[in-house]
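Participant: Here it is: the structure, laid out below.
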Amino acid sequence: MNVDLHSHSIASDGLLAPAEVAARAQAGGVEVWALTDHDETGGLAEAAAAATALGMRFVPGVEISVTWRADHNHQGTTIHVVGLNIDPANEALAAGLAGIRAGRDRRAERMAFSLEVAGVRGALEGARRHAINPALLSRTHFARYLVEAGKVKSTHQAFNHYLTEGKPGYVQHAWASLEDAMGWIHGAGGVAVVAHPGRYKLSTPQLNRFFDEFKALGGDAIEVMTGSHTSDQYNHFAEACRCFGFRASRGSDYHGPGESRVDPGTLPPLPPDLTPVWHDW
Ligand code: AMP
Ligand code: MN
Ligand code: MN
Ligand code: MN
């Protein structure tokens, strides 16, 4: 079965409307599909209707931004936790996500100030123009503005030169705690999945400590097949599933044409000995 449980629409930092992402997923052969916008569930109703009309099974999802500290000396790293099969009407989840989105607005103001100091003018207004959902301002929208303003040639360059740690437009930000994010997901009837575990700035011992904590909080699965992993990382995180007793997930992390390494439905299948996160659905 072709299952793709990670993608983005214009409700967060994707380029396509939810129904258009659904059509791309179906074109890629996807049979079970999840929309997982950053800290936002506003695209799910349109996505569900489109998926059903296209004959796909739809899984309502969200990708929650979390800050996790490996120890008291660690300044904290951003980790993304995907919630799948959530009820978006759940009040605690909705309130938690609204709080994260409000934090994004405050972060955006600080980012724009830092960029101004570095000689980039009008970044807040510029990023807002690219954010189709005004409630969800992402670094990706700043990246698209930096391209538009002629500061860089691609969004990839915008991240490398301006928007990642140590660069002028990067500011520290405290997202949700791991405990809160997992409480919201489980309270809304969902399962919690670590997004693209190979992408974090953590040593292997730190990442293993994270997996222990995630497991102790009732964490269900980790992404093994994701557009963010190399084939070495497919093997590494398949092994992590076996060691920690996690189920495995598969998701392209599709953001739109020209902004993603892989199209929905095109990643290799999960190793057959792993239990997929969708096993009991
Ligand atoms: P934010 O949650 O607003 O900090 O933005 C994070 C998003 O930026 C991710 O979900 C990716 O879509 C995008 N992103 C992060 N790092 C990069 C990168 N190096 N190149 C391109 N896009 C990136
Ligand atoms: Mn994104
Ligand atoms: Mn992510
Ligand atoms: Mn994502």
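If you're wondering about the labels, chains in the structure tokens are A, B, ... by order shown, residues count from 1 in each chain, ligands from 1 in order shown.
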Tell me, counting only C-alpha atoms and all ligand atoms, for each residue of chain A within 7 Å of ligand 1, which pair of atoms is nearest and how far apart they are in Å to one decimal, in rows ordered by chain and increasing number, as a tab-separated table.
Facilitator:
```
residue	atom	partner	partner_atom_place_in_ligand_line	distance
A:Asp13	CA	ligand 1	12 (O)	6.5
A:His38	CA	ligand 1	2 (O)	6.9
A:Ser65	CA	ligand 1	2 (O)	6.7
A:Leu137	CA	ligand 1	3 (O)	6.6
A:Ser138	CA	ligand 1	3 (O)	3.3
A:Arg139	CA	ligand 1	3 (O)	3.9
A:Thr140	CA	ligand 1	8 (O)	4.9
A:Thr155	CA	ligand 1	21 (C)	6.1
A:His156	CA	ligand 1	20 (N)	4.4
A:Phe159	CA	ligand 1	19 (N)	5.0
A:Asn160	CA	ligand 1	19 (N)	6.1
A:His255	CA	ligand 1	12 (O)	6.9
```
Participant: Given the selection you just returned, output its residues as a file containing N, CA and C atoms, formatted as an mmCIF file, in the first residue's frame.
Facilitator:
```cif
data_model
loop_
_atom_site.group_PDB
_atom_site.id
_atom_site.type_symbol
_atom_site.label_atom_id
_atom_site.label_comp_id
_atom_site.auth_asym_id
_atom_site.auth_seq_id
_atom_site.Cartn_x
_atom_site.Cartn_y
_atom_site.Cartn_z
ATOM 1 N N ASP A 13 3.485 26.419 5.162
ATOM 2 C CA ASP A 13 4.520 26.950 4.257
ATOM 3 C C ASP A 13 4.610 26.206 2.929
ATOM 4 N N HIS A 38 2.386 22.835 9.440
ATOM 5 C CA HIS A 38 3.052 23.293 10.665
ATOM 6 C C HIS A 38 2.058 24.014 11.578
ATOM 7 N N SER A 65 5.789 22.191 16.249
ATOM 8 C CA SER A 65 7.147 22.680 16.544
ATOM 9 C C SER A 65 7.394 22.602 18.042
ATOM 10 N N LEU A 137 3.139 32.420 10.025
ATOM 11 C CA LEU A 137 4.316 33.004 9.389
ATOM 12 C C LEU A 137 5.514 32.102 9.637
ATOM 13 N N SER A 138 6.156 31.676 8.550
ATOM 14 C CA SER A 138 7.251 30.713 8.632
ATOM 15 C C SER A 138 8.537 31.331 8.086
ATOM 16 N N ARG A 139 9.647 30.743 8.481
ATOM 17 C CA ARG A 139 10.920 31.156 7.864
ATOM 18 C C ARG A 139 10.867 30.996 6.351
ATOM 19 N N THR A 140 10.095 30.001 5.877
ATOM 20 C CA THR A 140 9.981 29.778 4.436
ATOM 21 C C THR A 140 9.445 31.031 3.729
ATOM 22 N N THR A 155 15.433 29.801 -2.440
ATOM 23 C CA THR A 155 15.068 29.708 -1.025
ATOM 24 C C THR A 155 16.123 28.897 -0.264
ATOM 25 N N HIS A 156 16.714 27.929 -0.946
ATOM 26 C CA HIS A 156 17.776 27.149 -0.318
ATOM 27 C C HIS A 156 18.927 28.070 0.129
ATOM 28 N N PHE A 159 18.057 30.211 3.179
ATOM 29 C CA PHE A 159 18.288 29.531 4.450
ATOM 30 C C PHE A 159 19.775 29.520 4.790
ATOM 31 N N ASN A 160 20.594 29.153 3.824
ATOM 32 C CA ASN A 160 22.028 29.031 4.103
ATOM 33 C C ASN A 160 22.677 30.366 4.464
ATOM 34 N N HIS A 255 6.370 20.136 -0.093
ATOM 35 C CA HIS A 255 6.012 21.548 0.089
ATOM 36 C C HIS A 255 5.521 22.197 -1.205
#
```
Participant: Give me, as a list in words, the set of residues whose atoms come within 9 Å of any atom of ligand 4, counting only C-alpha atoms and all ligand atoms.
Facilitator: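 So, counting only C-alpha atoms and all ligand atoms, the residues near ligand 4 are His6, Ser7, His8, Asp13, Thr36, Asp37, His38, Val62, Glu63, His80, Val82, Ala195, His196, Gly251, Ser252, Asp253, Tyr254 and His255 of chain A.
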Participant: I'd like the contact shell of region 225-232 of chain A - 8 Å cut-off, only C-alpha atoms, skipping same-chain residues fewer than 3 positions apart - returned as a PyMOL selection string.
Facilitator: chain A and resi 196+198-199+235-236+249-254+260-262+267-270
Participant: So that I have them on file, write out the residues from the current selection with C-alpha atoms, as an mmCIF file, in the first residue's frame.
Facilitator:
```cif
data_model
loop_
_atom_site.group_PDB
_atom_site.id
_atom_site.type_symbol
_atom_site.label_atom_id
_atom_site.label_comp_id
_atom_site.auth_asym_id
_atom_site.auth_seq_id
_atom_site.Cartn_x
_atom_site.Cartn_y
_atom_site.Cartn_z
ATOM 1 C CA HIS A 196 12.715 13.465 9.998
ATOM 2 C CA GLY A 198 18.046 12.626 10.844
ATOM 3 C CA ARG A 199 17.737 16.382 10.445
ATOM 4 C CA ASN A 235 18.882 2.096 7.502
ATOM 5 C CA HIS A 236 19.947 3.930 10.660
ATOM 6 C CA SER A 249 6.306 6.123 9.231
ATOM 7 C CA ARG A 250 6.743 7.217 5.621
ATOM 8 C CA GLY A 251 6.190 10.767 4.362
ATOM 9 C CA SER A 252 7.552 12.935 1.573
ATOM 10 C CA ASP A 253 7.381 16.271 3.496
ATOM 11 C CA TYR A 254 6.154 17.710 0.204
ATOM 12 C CA SER A 260 10.820 19.501 -2.429
ATOM 13 C CA ARG A 261 13.313 16.732 -3.070
ATOM 14 C CA VAL A 262 10.637 14.095 -3.532
ATOM 15 C CA LEU A 267 9.769 7.271 -1.537
ATOM 16 C CA PRO A 268 10.854 3.613 -1.203
ATOM 17 C CA PRO A 269 8.570 1.401 0.911
ATOM 18 C CA LEU A 270 9.328 0.723 4.584
#
```
Participant: In Å, with one decimal, what is the gap from CA of Phe244 (chain A) to CA of Val66 (chain A)?
Facilitator: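 Computing it gives 20.8 Å between the two atoms.
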Participant: Hey, which of A:Gly14, A:Gly166, A:Gly28, A:Gly83 ends up closest to Ala131 (chain A)? Count only C-alpha atoms.
Facilitator: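 Of all the options, A:Gly14 lies closest to Ala131 (chain A).
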Participant: Tell me which protein, DNA and RNA residues are within 12 Å of Trp33 (chain A), counting only C-alpha atoms, leaving out same-chain ones fewer than 3 positions away, and put them as a PyMOL selection string.
Facilitator: chain A and resi 1-8+18-19+21-30+36+44+47-48+50-52+54-61+84-85+249-254+264-265+278
Participant: Using only N, CA and C atoms, please write the residues we just selected to a file, as a compact mmCIF listing (two decimals), in the first residue's frame.
Facilitator:
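Final output, saved to result.txt:
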```txt
# COMPACT_ATOMS: atom_id res chain seq x y z
N MET A 1 0.85 -1.20 0.00
CA MET A 1 0.00 0.00 0.00
C MET A 1 0.88 1.24 0.00
N ASN A 2 0.53 2.23 -0.83
CA ASN A 2 1.31 3.46 -0.92
C ASN A 2 0.75 4.48 0.08
N VAL A 3 1.51 4.70 1.15
CA VAL A 3 1.07 5.57 2.24
C VAL A 3 2.05 6.73 2.36
N ASP A 4 1.52 7.97 2.38
CA ASP A 4 2.38 9.16 2.53
C ASP A 4 1.75 10.04 3.60
N LEU A 5 2.45 10.15 4.74
CA LEU A 5 1.85 10.76 5.92
C LEU A 5 2.53 12.06 6.35
N HIS A 6 3.04 12.83 5.38
CA HIS A 6 3.66 14.12 5.73
C HIS A 6 3.65 15.02 4.50
N SER A 7 2.86 16.11 4.56
CA SER A 7 2.88 17.09 3.47
C SER A 7 2.31 18.41 3.94
N HIS A 8 2.61 19.45 3.16
CA HIS A 8 2.26 20.83 3.54
C HIS A 8 1.46 21.53 2.44
N PRO A 18 -4.71 22.89 -0.26
CA PRO A 18 -4.88 21.50 0.19
C PRO A 18 -5.41 20.57 -0.89
N ALA A 19 -6.41 21.02 -1.67
CA ALA A 19 -6.97 20.15 -2.72
C ALA A 19 -5.94 19.88 -3.82
N VAL A 21 -2.63 19.72 -3.29
CA VAL A 21 -1.68 18.74 -2.73
C VAL A 21 -2.29 17.34 -2.81
N ALA A 22 -3.59 17.26 -2.52
CA ALA A 22 -4.29 15.96 -2.62
C ALA A 22 -4.15 15.41 -4.05
N ALA A 23 -4.33 16.27 -5.04
CA ALA A 23 -4.23 15.82 -6.44
C ALA A 23 -2.81 15.36 -6.76
N ARG A 24 -1.79 16.06 -6.23
CA ARG A 24 -0.40 15.62 -6.45
C ARG A 24 -0.15 14.27 -5.79
N ALA A 25 -0.73 14.07 -4.61
CA ALA A 25 -0.55 12.80 -3.91
C ALA A 25 -1.18 11.67 -4.74
N GLN A 26 -2.39 11.92 -5.21
CA GLN A 26 -3.07 10.89 -5.99
C GLN A 26 -2.29 10.58 -7.27
N ALA A 27 -1.75 11.63 -7.90
CA ALA A 27 -0.96 11.44 -9.12
C ALA A 27 0.30 10.62 -8.84
N GLY A 28 0.81 10.69 -7.59
CA GLY A 28 1.98 9.91 -7.20
C GLY A 28 1.63 8.50 -6.76
N GLY A 29 0.35 8.14 -6.86
CA GLY A 29 -0.06 6.77 -6.51
C GLY A 29 -0.41 6.58 -5.05
N VAL A 30 -0.53 7.67 -4.30
CA VAL A 30 -0.80 7.55 -2.86
C VAL A 30 -2.23 7.04 -2.64
N THR A 36 -0.18 17.55 6.89
CA THR A 36 0.43 17.80 8.21
C THR A 36 1.04 19.19 8.25
N LEU A 44 -7.31 21.08 6.82
CA LEU A 44 -7.71 19.67 6.86
C LEU A 44 -9.08 19.40 6.24
N ALA A 47 -8.71 19.36 2.52
CA ALA A 47 -7.90 18.19 2.15
C ALA A 47 -8.71 16.91 2.24
N ALA A 48 -9.50 16.78 3.30
CA ALA A 48 -10.30 15.56 3.50
C ALA A 48 -11.30 15.39 2.37
N ALA A 50 -11.19 16.67 -0.66
CA ALA A 50 -10.51 16.39 -1.94
C ALA A 50 -10.00 14.96 -1.98
N ALA A 51 -9.41 14.50 -0.87
CA ALA A 51 -8.85 13.14 -0.82
C ALA A 51 -9.96 12.12 -1.06
N THR A 52 -11.08 12.29 -0.39
CA THR A 52 -12.20 11.36 -0.54
C THR A 52 -12.70 11.34 -1.97
N LEU A 54 -11.05 11.90 -4.56
CA LEU A 54 -10.04 11.27 -5.42
C LEU A 54 -9.83 9.79 -5.09
N GLY A 55 -10.59 9.27 -4.13
CA GLY A 55 -10.51 7.86 -3.80
C GLY A 55 -9.36 7.49 -2.88
N MET A 56 -8.78 8.50 -2.18
CA MET A 56 -7.73 8.19 -1.21
C MET A 56 -8.34 8.16 0.18
N ARG A 57 -7.72 7.40 1.06
CA ARG A 57 -8.09 7.48 2.47
C ARG A 57 -7.33 8.65 3.09
N PHE A 58 -8.04 9.50 3.85
CA PHE A 58 -7.41 10.69 4.41
C PHE A 58 -7.13 10.53 5.89
N VAL A 59 -5.94 11.02 6.32
CA VAL A 59 -5.54 10.99 7.72
C VAL A 59 -5.30 12.43 8.16
N PRO A 60 -6.11 12.98 9.07
CA PRO A 60 -5.88 14.35 9.53
C PRO A 60 -4.62 14.43 10.39
N GLY A 61 -3.76 15.39 10.06
CA GLY A 61 -2.49 15.49 10.78
C GLY A 61 -2.06 16.92 11.04
N LEU A 84 -0.85 12.31 14.05
CA LEU A 84 -1.67 11.71 12.99
C LEU A 84 -2.97 11.20 13.57
N ASN A 85 -4.03 11.25 12.76
CA ASN A 85 -5.36 10.82 13.19
C ASN A 85 -5.86 11.65 14.37
N SER A 249 7.16 5.35 10.11
CA SER A 249 6.31 6.12 9.23
C SER A 249 7.03 6.48 7.94
N ARG A 250 6.24 6.87 6.95
CA ARG A 250 6.74 7.22 5.62
C ARG A 250 6.03 8.48 5.16
N GLY A 251 6.81 9.52 4.81
CA GLY A 251 6.19 10.77 4.36
C GLY A 251 7.16 11.64 3.60
N SER A 252 6.68 12.18 2.48
CA SER A 252 7.55 12.94 1.57
C SER A 252 7.97 14.28 2.14
N ASP A 253 7.16 14.89 3.05
CA ASP A 253 7.38 16.27 3.50
C ASP A 253 7.30 17.22 2.30
N TYR A 254 6.32 16.93 1.44
CA TYR A 254 6.15 17.71 0.20
C TYR A 254 5.71 19.14 0.53
N PRO A 264 5.05 13.42 -3.51
CA PRO A 264 4.27 12.50 -2.66
C PRO A 264 4.19 11.11 -3.29
N GLY A 265 4.35 10.09 -2.46
CA GLY A 265 4.16 8.71 -2.91
C GLY A 265 5.35 8.08 -3.59
N TRP A 278 0.62 2.84 10.58
CA TRP A 278 -0.79 2.66 10.20
C TRP A 278 -1.29 1.22 10.39
```
Participant: Just list as a PyMOL selection string whatever in region 76-176 of chain A DSSP marks as helix (DSSP H, G or I).
Facilitator: chain A and resi 91-117+123-130+139-148+155-163
Participant: Quick one, how far is CA of Leu97 (chain A) from CA of Ile64 (chain A)?
Facilitator: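 Separating CA of Leu97 (chain A) from CA of Ile64 (chain A) is a distance of 7.7 Å.
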Participant: Kindly indicate which residue among A:Asp263, A:Glu109, A:Glu20, A:Glu223 lies nearest to ligand 3, using only C-alpha atoms and all ligand atoms for the distances.
Facilitator: A:Glu223
Participant: So that I can see what lies close to Thr204 (chain A), please list as a ChimeraX atom specification the residues with an atom at most 12 Å from it, counting only C-alpha atoms and leaving out residues fewer than 5 positions away in the same chain.
Facilitator: /A:70,197-199,209-211,236-237,240
Participant: Could you dump the residues just selected with C-alpha atoms as a short mmCIF file (atom, residue, chain, number, x, y, z; two decimals), in the first residue's frame?
Facilitator:
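Saved as part.cif:
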```cif
data_model
loop_
_atom_site.label_atom_id
_atom_site.label_comp_id
_atom_site.auth_asym_id
_atom_site.auth_seq_id
_atom_site.Cartn_x
_atom_site.Cartn_y
_atom_site.Cartn_z
CA ALA A 70 19.16 17.45 26.01
CA PRO A 197 14.90 12.40 12.98
CA GLY A 198 18.05 12.63 10.84
CA ARG A 199 17.74 16.38 10.44
CA ARG A 209 18.09 10.31 24.93
CA PHE A 210 15.38 12.14 23.01
CA PHE A 211 13.97 8.82 21.77
CA HIS A 236 19.95 3.93 10.66
CA PHE A 237 16.40 4.90 11.65
CA ALA A 240 16.31 2.73 15.77
#
```
Participant: Considering only C-alpha atoms and all ligand atoms, state which residue in the set A:Asp280, A:His72, A:Leu178, A:His141 is at the smallest distance from ligand 2.
Facilitator: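 Closest to ligand 2, using only C-alpha atoms and all ligand atoms: A:His141.
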Participant: Please, what distance in Å, to one decimal, runs between CA of Ser177 (chain A) and CA of Trp68 (chain A)?
Facilitator: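 Result for CA of Ser177 (chain A) versus CA of Trp68 (chain A): 6.7 Å, one decimal.
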Participant: Could you pull out the strand (DSSP E) residues of region 18-233 of chain A, going by DSSP on the backbone, and write them as number ranges by chain?
Facilitator: A: 32-35, 57-68, 77-84, 191-194, 221-226
Participant: List the spatial neighbours of Leu15 (chain A) as a list of chain:residue names - criterion: any atom at most 7 Å away, only C-alpha atoms, same-chain residues fewer than 4 positions off excluded.
Facilitator: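 These residues fall inside the cut-off: A:Ser9, A:Ile10, A:His255, A:Gly256.
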Participant: List the spatial neighbours of region 113-120 of chain A as a compact mmCIF listing (two decimals) with N, CA, C and O atoms, in the first residue's frame - criterion: any atom at most 6 Å away, only C-alpha atoms, same-chain residues fewer than 2 positions off excluded.
Facilitator:
```txt
# COMPACT_ATOMS: atom_id res chain seq x y z
N ARG A 110 11.13 39.82 15.48
CA ARG A 110 12.55 39.82 15.85
C ARG A 110 13.42 39.46 14.64
O ARG A 110 14.51 40.01 14.44
N MET A 111 12.94 38.53 13.82
CA MET A 111 13.69 38.17 12.61
C MET A 111 13.81 39.38 11.68
O MET A 111 14.89 39.65 11.15
N GLY A 169 19.50 36.54 9.98
CA GLY A 169 18.05 36.55 10.18
C GLY A 169 17.57 35.48 11.15
O GLY A 169 16.36 35.32 11.34
```
Participant: Which is closest to Arg247 (chain A) among A:Lys151, A:His74, A:His130, A:His279, if we use only C-alpha atoms?
Facilitator: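 Comparing A:Lys151, A:His74, A:His130, A:His279 against Arg247 (chain A), the winner is A:His279.
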Participant: Rank A:Thr41, A:Ser154, A:Ser12, A:Thr275 by their smallest atom-to-atom distance to ligand 3, using only C-alpha atoms and all ligand atoms, and report the top residue only.
Facilitator: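 Of A:Thr41, A:Ser154, A:Ser12, A:Thr275, the one nearest ligand 3 is A:Ser12, counting only C-alpha atoms and all ligand atoms.
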Participant: For ligand 2, which of A:Ala89, A:Leu124, A:Ala11, A:Leu207 is the closest residue, counting only C-alpha atoms and all ligand atoms?
Facilitator: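 For ligand 2, the nearest of the given residues is A:Ala11.
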